[in-house]
Amino acid sequence: MKKIKNKFHLLVSSLLTTLLGLFGASCVFPGPVMYGPAVPENTLEVEGEVTTEDGQPLESMQVVINTSHISIKDTVYTNASGEFGREYVFPQEGNDTLLIEVNDTSDVYASEKVQIPFTEMKKETYSEWSTEYSVDIKLQLKKK
């Protein structure tokens, strides 16, 4: 009986040692250890205001925000002051274009489209890992 217990303990011990060895080996990271984001973290801040031709704010206008290369595609709505805004985080920097389309869901005002290249936006570079782009858009919609 004692031999069976010893063999059982030896088997369990060998199994646990093997498992711990495998887990330990899987935690080894070849190369330098980096803390923080592994890729650049860039931000895009889009703000704007939608008004009538005579400057009255337009509420509940649909604002479609899109980019040509990086994967930003979003829809926001203007508030009671006709303002909208959103901030996005994206990994890569490059030659991209911001595409904004404003639509009136009540079909009273004509749609308006704007394209803004990132090269024309306000740009602040904080480090090689962080750049902030921002744009403030003022649009006036005409009645249909």
# chains A, B, ... in the order shown; residues from 1 in each chain; ligands from 1

call {"tool": "select_by_dssp", "arguments": {"residues": "segment 27-132 of chain A", "states": "strand (DSSP E or B)", "output": "VMD selection string"}}
result
chain A and resid 42 to 52 57 61 to 67 73 to 77 83 to 90 97 to 104 109 112 to 117 122 to 127 130 to 132

call {"tool": "atom_distance", "arguments": {"atom1": "atom CA of Gln62 of chain A", "atom2": "atom CA of Thr119 of chain A"}}
result
25.6 Å

call {"tool": "closest_residue", "arguments": {"among": "A:Ser13, A:Ser106, A:Asn66, A:Ser111", "to": "Gln140 of chain A", "atoms": "only C-alpha atoms"}}
result
A:Ser111

call {"tool": "closest_residue", "arguments": {"among": "A:Leu58, A:Val89, A:Ile116, A:Ile100", "to": "Glu41 of chain A", "atoms": "only C-alpha atoms"}}
result
A:Val89

call {"tool": "atom_distance", "arguments": {"atom1": "atom CA of Asn79 of chain A", "atom2": "atom CA of Gly48 of chain A"}}
result
10.8 Å

call {"tool": "residues_around", "arguments": {"residues": "Gln115 of chain A", "least_positions_apart": "2", "cutoff": "8 Å", "atoms": "only C-alpha atoms", "output": "compact mmCIF listing (two decimals) with N, CA, C and O atoms, in the first residue's frame"}}
result
# COMPACT_ATOMS: atom_id res chain seq x y z
N THR A 97 -7.76 61.58 -44.95
CA THR A 97 -8.71 62.65 -45.17
C THR A 97 -9.92 62.42 -44.30
O THR A 97 -10.45 61.30 -44.25
N LEU A 98 -10.36 63.45 -43.61
CA LEU A 98 -11.57 63.40 -42.81
C LEU A 98 -12.75 63.77 -43.71
O LEU A 98 -12.71 64.77 -44.42
N LEU A 99 -13.76 62.93 -43.70
CA LEU A 99 -14.96 63.17 -44.51
C LEU A 99 -16.13 63.40 -43.56
O LEU A 99 -16.43 62.55 -42.72
N ILE A 100 -16.79 64.55 -43.70
CA ILE A 100 -17.93 64.86 -42.85
C ILE A 100 -19.13 65.19 -43.73
O ILE A 100 -19.03 65.98 -44.67
N LYS A 113 -21.43 68.37 -47.50
CA LYS A 113 -20.28 67.48 -47.36
C LYS A 113 -19.00 68.30 -47.33
O LYS A 113 -18.87 69.28 -48.05
N PRO A 117 -8.17 67.23 -45.41
CA PRO A 117 -6.97 66.40 -45.25
C PRO A 117 -6.35 66.61 -43.87
O PRO A 117 -6.42 67.71 -43.32

call {"tool": "atom_distance", "arguments": {"atom1": "atom CA of Asp104 of chain A", "atom2": "atom CA of Tyr133 of chain A"}}
result
27.1 Å

call {"tool": "residues_around", "arguments": {"residues": "Thr67 of chain A", "least_positions_apart": "2", "cutoff": "12 Å", "atoms": "only C-alpha atoms", "output": "list in words"}}
result
Leu44, Val46, Val64, Ile65, His69, Ile70, Ser71, Ile72, Lys73, Asp74, Tyr88, Phe90, Gly94, Asn95, Asp96, Thr97, Leu98, Leu99, Ile100, Glu101, Val114, Gln115, Ile116, Pro117 and Phe118 of chain A

call {"tool": "closest_residue", "arguments": {"among": "A:Thr105, A:Glu87, A:Thr78, A:Glu112", "to": "Val135 of chain A", "atoms": "only C-alpha atoms"}}
result
A:Glu87

call {"tool": "residues_around", "arguments": {"residues": "Ser60 of chain A", "least_positions_apart": "2", "cutoff": "12 Å", "atoms": "only C-alpha atoms", "output": "number ranges by chain"}}
result
A: 49-51, 57-58, 62-63, 75-84, 102-107, 109
